[in-house]
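Content type mmCIF, C-alpha atoms and all ligand atoms, from the file entry-v9.cif:
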data_input
#
loop_
_atom_site.group_PDB
_atom_site.id
_atom_site.type_symbol
_atom_site.label_atom_id
_atom_site.label_comp_id
_atom_site.auth_asym_id
_atom_site.auth_seq_id
_atom_site.Cartn_x
_atom_site.Cartn_y
_atom_site.Cartn_z
ATOM 1 C CA MET I 1 -15.294 -46.871 42.874
ATOM 2 C CA ILE I 2 -17.937 -45.950 40.315
ATOM 3 C CA LYS I 3 -15.767 -43.020 39.177
ATOM 4 C CA GLU I 4 -12.818 -45.364 38.720
ATOM 5 C CA LEU I 5 -14.953 -47.762 36.678
ATOM 6 C CA VAL I 6 -16.507 -45.031 34.536
ATOM 7 C CA THR I 7 -13.040 -43.569 33.928
ATOM 8 C CA ARG I 8 -11.639 -46.967 32.954
ATOM 9 C CA ASN I 9 -14.608 -47.628 30.684
ATOM 10 C CA ARG I 10 -13.238 -46.005 27.553
ATOM 11 C CA SER I 11 -14.072 -46.760 23.927
ATOM 12 C CA PHE I 12 -11.519 -49.327 22.792
ATOM 13 C CA ARG I 13 -11.241 -50.224 19.119
ATOM 14 C CA ARG I 14 -8.243 -52.569 19.019
ATOM 15 C CA PHE I 15 -8.246 -55.907 20.808
ATOM 16 C CA HIS I 16 -6.406 -59.148 21.453
ATOM 17 C CA GLN I 17 -8.681 -60.949 19.016
ATOM 18 C CA GLU I 18 -7.429 -64.368 20.140
ATOM 19 C CA ALA I 19 -8.623 -63.735 23.721
ATOM 20 C CA ALA I 20 -12.050 -65.365 23.547
ATOM 21 C CA VAL I 21 -15.110 -63.941 25.272
ATOM 22 C CA GLU I 22 -17.468 -66.765 26.215
ATOM 23 C CA ARG I 23 -21.190 -66.699 25.462
ATOM 24 C CA GLU I 24 -21.800 -67.078 29.218
ATOM 25 C CA THR I 25 -19.938 -63.791 29.814
ATOM 26 C CA LEU I 26 -22.083 -62.075 27.176
ATOM 27 C CA LYS I 27 -25.192 -63.405 28.937
ATOM 28 C CA GLU I 28 -23.952 -61.979 32.264
ATOM 29 C CA LEU I 29 -23.494 -58.614 30.549
ATOM 30 C CA VAL I 30 -26.982 -58.684 29.013
ATOM 31 C CA GLU I 31 -28.282 -59.389 32.511
ATOM 32 C CA LEU I 32 -26.968 -55.907 33.428
ATOM 33 C CA GLY I 33 -28.940 -54.469 30.517
ATOM 34 C CA ARG I 34 -32.009 -56.381 31.637
ATOM 35 C CA LEU I 35 -31.787 -54.834 35.113
ATOM 36 C CA SER I 36 -31.398 -51.282 33.774
ATOM 37 C CA ALA I 37 -33.988 -48.507 33.614
ATOM 38 C CA SER I 38 -36.546 -48.587 30.823
ATOM 39 C CA ALA I 39 -39.054 -45.892 29.826
ATOM 40 C CA ALA I 40 -42.486 -46.822 31.209
ATOM 41 C CA ASN I 41 -40.806 -50.121 32.097
ATOM 42 C CA ARG I 42 -41.760 -51.405 28.650
ATOM 43 C CA GLN I 43 -38.434 -53.282 28.275
ATOM 44 C CA PRO I 44 -38.490 -53.463 24.478
ATOM 45 C CA LEU I 45 -34.800 -54.313 24.089
ATOM 46 C CA LYS I 46 -33.693 -57.692 22.754
ATOM 47 C CA TYR I 47 -30.153 -58.887 22.124
ATOM 48 C CA ILE I 48 -28.165 -61.012 19.710
ATOM 49 C CA LEU I 49 -24.905 -62.442 21.052
ATOM 50 C CA SER I 50 -21.907 -63.363 18.949
ATOM 51 C CA CYS I 51 -18.584 -64.891 19.921
ATOM 52 C CA GLN I 52 -18.084 -67.179 16.919
ATOM 53 C CA PRO I 53 -15.432 -66.047 14.376
ATOM 54 C CA GLU I 54 -17.723 -66.552 11.350
ATOM 55 C CA ARG I 55 -20.579 -64.563 12.833
ATOM 56 C CA ASN I 56 -18.163 -61.935 14.176
ATOM 57 C CA ALA I 57 -16.800 -61.454 10.654
ATOM 58 C CA LEU I 58 -20.296 -60.831 9.278
ATOM 59 C CA ILE I 59 -21.006 -58.238 11.981
ATOM 60 C CA PHE I 60 -17.611 -56.576 11.545
ATOM 61 C CA SER I 61 -18.307 -56.061 7.825
ATOM 62 C CA CYS I 62 -21.240 -53.781 8.751
ATOM 63 C CA LEU I 63 -19.452 -51.410 11.147
ATOM 64 C CA ARG I 64 -17.750 -48.026 10.790
ATOM 65 C CA TRP I 65 -14.960 -47.185 13.196
ATOM 66 C CA ALA I 66 -13.562 -43.936 14.599
ATOM 67 C CA GLY I 67 -14.831 -41.389 12.086
ATOM 68 C CA TYR I 68 -12.299 -38.748 13.206
ATOM 69 C CA LEU I 69 -9.302 -40.982 12.416
ATOM 70 C CA LYS I 70 -9.318 -40.369 8.686
ATOM 71 C CA ASP I 71 -6.291 -42.528 7.864
ATOM 72 C CA TRP I 72 -7.402 -45.547 9.917
ATOM 73 C CA ARG I 73 -9.841 -48.020 8.437
ATOM 74 C CA GLY I 74 -10.700 -49.847 11.642
ATOM 75 C CA PRO I 75 -9.086 -52.748 13.477
ATOM 76 C CA ALA I 76 -7.009 -55.100 11.330
ATOM 77 C CA GLU I 77 -7.409 -58.872 11.367
ATOM 78 C CA GLY I 78 -5.901 -60.036 14.674
ATOM 79 C CA GLU I 79 -6.970 -56.924 16.565
ATOM 80 C CA ARG I 80 -10.726 -57.163 15.988
ATOM 81 C CA PRO I 81 -13.373 -57.657 18.687
ATOM 82 C CA ALA I 82 -13.757 -61.208 20.005
ATOM 83 C CA ALA I 83 -17.463 -60.732 20.619
ATOM 84 C CA TYR I 84 -20.455 -58.543 19.941
ATOM 85 C CA ILE I 85 -23.785 -57.770 21.524
ATOM 86 C CA ILE I 86 -26.335 -56.412 19.068
ATOM 87 C CA VAL I 87 -28.985 -54.324 20.791
ATOM 88 C CA LEU I 88 -32.375 -54.560 19.111
ATOM 89 C CA GLY I 89 -35.642 -52.736 19.694
ATOM 90 C CA ASP I 90 -38.681 -54.969 19.468
ATOM 91 C CA THR I 91 -41.281 -52.866 17.614
ATOM 92 C CA ARG I 92 -43.966 -55.379 18.618
ATOM 93 C CA ILE I 93 -43.488 -54.090 22.176
ATOM 94 C CA SER I 94 -42.907 -50.399 21.494
ATOM 95 C CA PRO I 95 -42.562 -48.164 18.407
ATOM 96 C CA ALA I 96 -39.957 -45.970 20.156
ATOM 97 C CA PHE I 97 -37.027 -46.857 22.367
ATOM 98 C CA LEU I 98 -36.149 -43.424 23.816
ATOM 99 C CA CYS I 99 -32.881 -43.727 25.772
ATOM 100 C CA ASP I 100 -33.331 -47.378 26.730
ATOM 101 C CA HIS I 101 -30.531 -48.650 24.532
ATOM 102 C CA GLY I 102 -28.096 -45.988 25.779
ATOM 103 C CA VAL I 103 -28.816 -46.831 29.396
ATOM 104 C CA ALA I 104 -28.514 -50.564 28.770
ATOM 105 C CA ALA I 105 -25.360 -50.119 26.685
ATOM 106 C CA GLN I 106 -23.629 -48.197 29.468
ATOM 107 C CA SER I 107 -24.566 -50.872 32.032
ATOM 108 C CA ILE I 108 -23.159 -53.527 29.723
ATOM 109 C CA MET I 109 -19.959 -51.641 28.993
ATOM 110 C CA LEU I 110 -19.386 -50.966 32.711
ATOM 111 C CA GLY I 111 -19.865 -54.666 33.390
ATOM 112 C CA ALA I 112 -17.332 -55.426 30.693
ATOM 113 C CA ALA I 113 -14.846 -52.958 32.219
ATOM 114 C CA GLU I 114 -15.339 -54.550 35.630
ATOM 115 C CA ARG I 115 -14.368 -57.892 34.072
ATOM 116 C CA GLY I 116 -11.193 -56.494 32.508
ATOM 117 C CA LEU I 117 -12.814 -56.358 29.083
ATOM 118 C CA GLY I 118 -13.491 -53.295 26.990
ATOM 119 C CA GLY I 119 -15.150 -52.273 23.801
ATOM 120 C CA CYS I 120 -17.016 -49.719 21.833
ATOM 121 C CA ILE I 121 -20.628 -48.677 21.429
ATOM 122 C CA ILE I 122 -21.206 -48.494 17.679
ATOM 123 C CA ALA I 123 -24.115 -46.688 16.072
ATOM 124 C CA ALA I 124 -22.550 -46.338 12.601
ATOM 125 C CA VAL I 125 -23.938 -49.655 11.446
ATOM 126 C CA GLN I 126 -25.058 -50.701 7.972
ATOM 127 C CA ARG I 127 -28.368 -51.833 9.364
ATOM 128 C CA THR I 128 -30.008 -53.199 6.239
ATOM 129 C CA LYS I 129 -26.918 -55.261 5.414
ATOM 130 C CA LEU I 130 -26.573 -56.573 8.985
ATOM 131 C CA GLY I 131 -30.263 -57.464 9.127
ATOM 132 C CA LYS I 132 -29.907 -59.475 5.917
ATOM 133 C CA LEU I 133 -26.641 -61.189 6.883
ATOM 134 C CA LEU I 134 -27.965 -62.342 10.264
ATOM 135 C CA GLU I 135 -31.545 -62.846 9.050
ATOM 136 C CA ILE I 136 -32.905 -60.552 11.732
ATOM 137 C CA PRO I 137 -36.713 -60.333 11.537
ATOM 138 C CA ASP I 138 -38.097 -56.963 10.389
ATOM 139 C CA TYR I 139 -39.916 -56.323 13.657
ATOM 140 C CA TYR I 140 -36.557 -55.797 15.322
ATOM 141 C CA GLU I 141 -34.929 -52.400 14.865
ATOM 142 C CA ILE I 142 -31.133 -52.597 15.037
ATOM 143 C CA LEU I 143 -30.218 -49.918 17.578
ATOM 144 C CA LEU I 144 -26.561 -50.437 18.528
ATOM 145 C CA VAL I 145 -23.726 -52.892 18.167
ATOM 146 C CA LEU I 146 -21.478 -53.315 21.205
ATOM 147 C CA ALA I 147 -18.026 -54.538 20.210
ATOM 148 C CA LEU I 148 -16.219 -56.356 23.010
ATOM 149 C CA GLY I 149 -12.886 -57.949 23.754
ATOM 150 C CA LYS I 150 -9.641 -57.691 25.643
ATOM 151 C CA PRO I 151 -8.347 -54.197 24.829
ATOM 152 C CA ALA I 152 -4.991 -53.914 23.071
ATOM 153 C CA GLU I 153 -4.668 -50.155 23.068
ATOM 154 C CA LYS I 154 -4.067 -47.338 25.523
ATOM 155 C CA VAL I 155 -6.676 -44.599 25.809
ATOM 156 C CA LYS I 156 -5.916 -41.381 27.651
ATOM 157 C CA LEU I 157 -8.440 -38.753 28.710
ATOM 158 C CA GLU I 158 -7.578 -35.088 28.106
ATOM 159 C CA THR I 159 -9.335 -31.807 28.833
ATOM 160 C CA VAL I 160 -10.677 -29.935 25.821
ATOM 161 C CA GLY I 161 -8.317 -27.047 25.063
ATOM 162 C CA ALA I 162 -8.999 -23.386 24.370
ATOM 163 C CA ASP I 163 -9.656 -24.191 20.698
ATOM 164 C CA GLY I 164 -12.680 -26.268 21.751
ATOM 165 C CA ASP I 165 -11.621 -29.235 19.617
ATOM 166 C CA ILE I 166 -13.350 -32.410 20.798
ATOM 167 C CA LYS I 167 -11.912 -34.749 18.132
ATOM 168 C CA TYR I 168 -10.051 -37.744 19.513
ATOM 169 C CA TRP I 169 -6.592 -38.373 18.110
ATOM 170 C CA ARG I 170 -3.674 -40.824 18.199
ATOM 171 C CA ASP I 171 -0.098 -39.865 19.039
ATOM 172 C CA LYS I 172 3.132 -41.262 17.560
ATOM 173 C CA ASP I 173 3.134 -44.071 20.137
ATOM 174 C CA ASP I 174 -0.371 -45.059 19.004
ATOM 175 C CA VAL I 175 -1.975 -43.885 22.253
ATOM 176 C CA HIS I 176 -5.584 -42.789 21.670
ATOM 177 C CA HIS I 177 -6.412 -39.414 23.281
ATOM 178 C CA VAL I 178 -9.977 -38.367 24.094
ATOM 179 C CA PRO I 179 -10.674 -34.703 24.969
ATOM 180 C CA LYS I 180 -13.463 -34.213 27.511
ATOM 181 C CA ARG I 181 -15.047 -30.838 28.270
ATOM 182 C CA ALA I 182 -14.146 -29.435 31.707
ATOM 183 C CA LEU I 183 -16.696 -29.791 34.513
ATOM 184 C CA ASP I 184 -17.057 -26.011 34.816
ATOM 185 C CA ASP I 185 -17.895 -25.810 31.122
ATOM 186 C CA ILE I 186 -20.798 -28.238 31.275
ATOM 187 C CA ILE I 187 -22.531 -27.054 34.449
ATOM 188 C CA VAL I 188 -24.427 -24.075 33.135
ATOM 189 C CA GLY I 189 -26.667 -23.190 36.016
HETATM 190 C C1 LIG I 201 -24.294 -43.586 20.980
HETATM 191 C C2 LIG I 201 -22.846 -43.778 20.602
HETATM 192 C C3 LIG I 201 -22.529 -44.146 19.307
HETATM 193 C C4 LIG I 201 -21.195 -44.380 18.949
HETATM 194 N N1 LIG I 201 -20.917 -44.823 17.683
HETATM 195 C C5 LIG I 201 -19.642 -45.085 17.340
HETATM 196 C C6 LIG I 201 -19.349 -45.612 16.053
HETATM 197 O O1 LIG I 201 -20.227 -45.817 15.227
HETATM 198 N N2 LIG I 201 -18.055 -45.905 15.766
HETATM 199 C C7 LIG I 201 -17.050 -45.707 16.673
HETATM 200 O O2 LIG I 201 -15.890 -45.999 16.357
HETATM 201 N N3 LIG I 201 -17.292 -45.186 17.899
HETATM 202 C C8 LIG I 201 -18.570 -44.887 18.255
HETATM 203 N N4 LIG I 201 -18.845 -44.416 19.513
HETATM 204 C C9 LIG I 201 -17.761 -44.185 20.478
HETATM 205 C C10 LIG I 201 -17.468 -42.676 20.616
HETATM 206 O O3 LIG I 201 -16.707 -42.254 19.518
HETATM 207 C C11 LIG I 201 -16.700 -42.467 21.941
HETATM 208 O O4 LIG I 201 -17.592 -42.658 23.002
HETATM 209 C C12 LIG I 201 -16.078 -41.060 22.024
HETATM 210 O O5 LIG I 201 -15.053 -40.931 21.088
HETATM 211 C C13 LIG I 201 -15.509 -40.766 23.406
HETATM 212 O O6 LIG I 201 -14.589 -41.747 23.796
HETATM 213 P P1 LIG I 201 -14.813 -42.502 25.163
HETATM 214 O O7 LIG I 201 -15.983 -43.459 24.960
HETATM 215 O O8 LIG I 201 -13.550 -43.237 25.449
HETATM 216 O O9 LIG I 201 -15.169 -41.486 26.192
HETATM 217 C C14 LIG I 201 -20.160 -44.191 19.894
HETATM 218 C C15 LIG I 201 -20.496 -43.817 21.204
HETATM 219 C C16 LIG I 201 -21.812 -43.617 21.562
HETATM 220 C C17 LIG I 201 -22.149 -43.236 22.986
#
Let me see the structure of the file written as structure tokens.
Ligand SMILES: Cc1cc2nc3c(=O)[nH]c(=O)nc-3n(C[C@H](O)[C@H](O)[C@H](O)COP(=O)(O)O)c2cc1C
Amino acid sequence: MIKELVTRNRSFRRFHQEAAVERETLKELVELGRLSASAANRQPLKYILSCQPERNALIFSCLRWAGYLKDWRGPAEGERPAAYIIVLGDTRISPAFLCDHGVAAQSIMLGAAERGLGGCIIAAVQRTKLGKLLEIPDYYEILLVLALGKPAEKVKLETVGADGDIKYWRDKDDVHHVPKRALDDIIVG
């Protein structure tokens, strides 16, 4: 069951933008982050939720999508995320966040997948711009933006070939292919 969920939990970058994600759903997802592991149990993560079109547009303007797809500039209007969760580190609690935001992000994305949603963990964020646009206090470090919605694209896992190329790619039918290294290649001892 967990393998099925992890396998289904791909990075999706195109959505049915009109399919709303309620704030209550975002709160349920943050609850999964709240319950996740935290270094020294300091729990320095805080969250900003967005499911309003105006706020979503501000967040969207600060994101960079799919760096390997050179001729794609990100989701067009109509296929953009319906919601976002911004993961913040509260520097008043801890100066360093170690892996906390990665652990929490995966819990949240798995919860989204379980609900038939999908999305993308985004680290390529114009942080200064986003902080200004949303008036985020300086004591919060912007760690990740989680884009969420009802996926409108197919993503297929592949095994990395002999050339070792790990870049994801799209085929002529617009299916997104993601090469993963083989199990035998990552267990080294
Ligand atoms: C920490 C982290 C940061 C990421 N940042 C971005 C990003 O800025 N933009 C983006 O389009 N995808 C981003 N991704 C998604 C990765 O590109 C994606 O995980 C990878 O292509 C593998 O696809 P998969 O998630 O379906 O396995 C990020 C993923 C992780 C884990």
Tell me which residues the PyMOL selection byres (((chain I and resi 153) around 12) and not hetatm) grabs here, as a VMD selection string.
-> chain I and resid 10 to 16 75 79 to 80 117 to 119 149 to 152 154 to 156 170 to 171 173 to 177
Once 3 Å is added on each side, what are the centre and the three edge lengths, in Å to one decimal, of the axis-aligned box enclosing the listed atoms of ligand LIG 201 (chain I)? Present them as AutoDock Vina command-line options.
--center_x -18.9 --center_y -43.4 --center_z 20.7 --size_x 16.7 --size_y 11.2 --size_z 17.0
Could you list, as JSON, numbers by chain, all the residues within 6 Å of ligand LIG 201 (chain I), counting only C-alpha atoms and all ligand atoms?
-> {"I": [10, 11, 64, 65, 66, 120, 121, 122, 123, 124, 178]}
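The result of the PyMOL selection byres (((chain I and resi 34) around 12) and not hetatm) on the shown file is Lys27, Glu28, Leu29, Val30, Glu31, Leu32, Gly33, Leu35, Ser36, Ala37, Ser38, Asn41, Arg42, Gln43, Pro44, Leu45, Lys46, Tyr47, Val87, Asp100, His101, Val103, Ala104, Ala105, Gln106, Ser107 and Ile108 of chain I.
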Counting only C-alpha atoms, what are the residues of region 25-113 of chain I within 9 Å of region 131-140 of chain I, and for each of them which pair of atoms is the nearest and at what distance in Å, to one decimal? Sort the table by chain and rising number, as a tab-separated table.
residue	atom	partner	partner_atom	distance
I:Lys46	CA	I:Tyr140	CA	8.2
I:Arg55	CA	I:Leu134	CA	8.1
I:Leu58	CA	I:Leu133	CA	6.8
I:Ile59	CA	I:Leu133	CA	8.2
I:Leu88	CA	I:Tyr140	CA	5.8
I:Gly89	CA	I:Tyr140	CA	5.4
I:Asp90	CA	I:Tyr140	CA	4.7
I:Thr91	CA	I:Tyr139	CA	5.4
I:Arg92	CA	I:Tyr139	CA	6.5
Could you write out the selected residues, including C-alpha atoms, as a PDB file, in the frame of the given file?
ATOM      1  CA  LYS I  46     -33.693 -57.692  22.754  1.00  0.00           C
ATOM      2  CA  ARG I  55     -20.579 -64.563  12.833  1.00  0.00           C
ATOM      3  CA  LEU I  58     -20.296 -60.831   9.278  1.00  0.00           C
ATOM      4  CA  ILE I  59     -21.006 -58.238  11.981  1.00  0.00           C
ATOM      5  CA  LEU I  88     -32.375 -54.560  19.111  1.00  0.00           C
ATOM      6  CA  GLY I  89     -35.642 -52.736  19.694  1.00  0.00           C
ATOM      7  CA  ASP I  90     -38.681 -54.969  19.468  1.00  0.00           C
ATOM      8  CA  THR I  91     -41.281 -52.866  17.614  1.00  0.00           C
ATOM      9  CA  ARG I  92     -43.966 -55.379  18.618  1.00  0.00           C
TER      10      ARG I  92
END
Test item: the PyMOL selection byres (((chain I and resi 158) around 9) and not hetatm) resolved as number ranges by chain | I: 156-157, 159-161, 177-181
Can you work out the spacing between CA of Thr25 (chain I) and CA of Ile48 (chain I) in Å, to one decimal?
-> 13.3 Å
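Going from CA of Ala82 (chain I) to CA of Arg8 (chain I) covers 19.4 Å.
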Interatomic distance (Å, one decimal) between CA of Cys99 (chain I) and CA of Leu144 (chain I) = 11.7 Å
For Ala76 (chain I), which residue among I:Arg23, I:Leu98, I:Leu110, I:Gln17 is the nearest when counting all atoms listed in the file?
-> I:Gln17
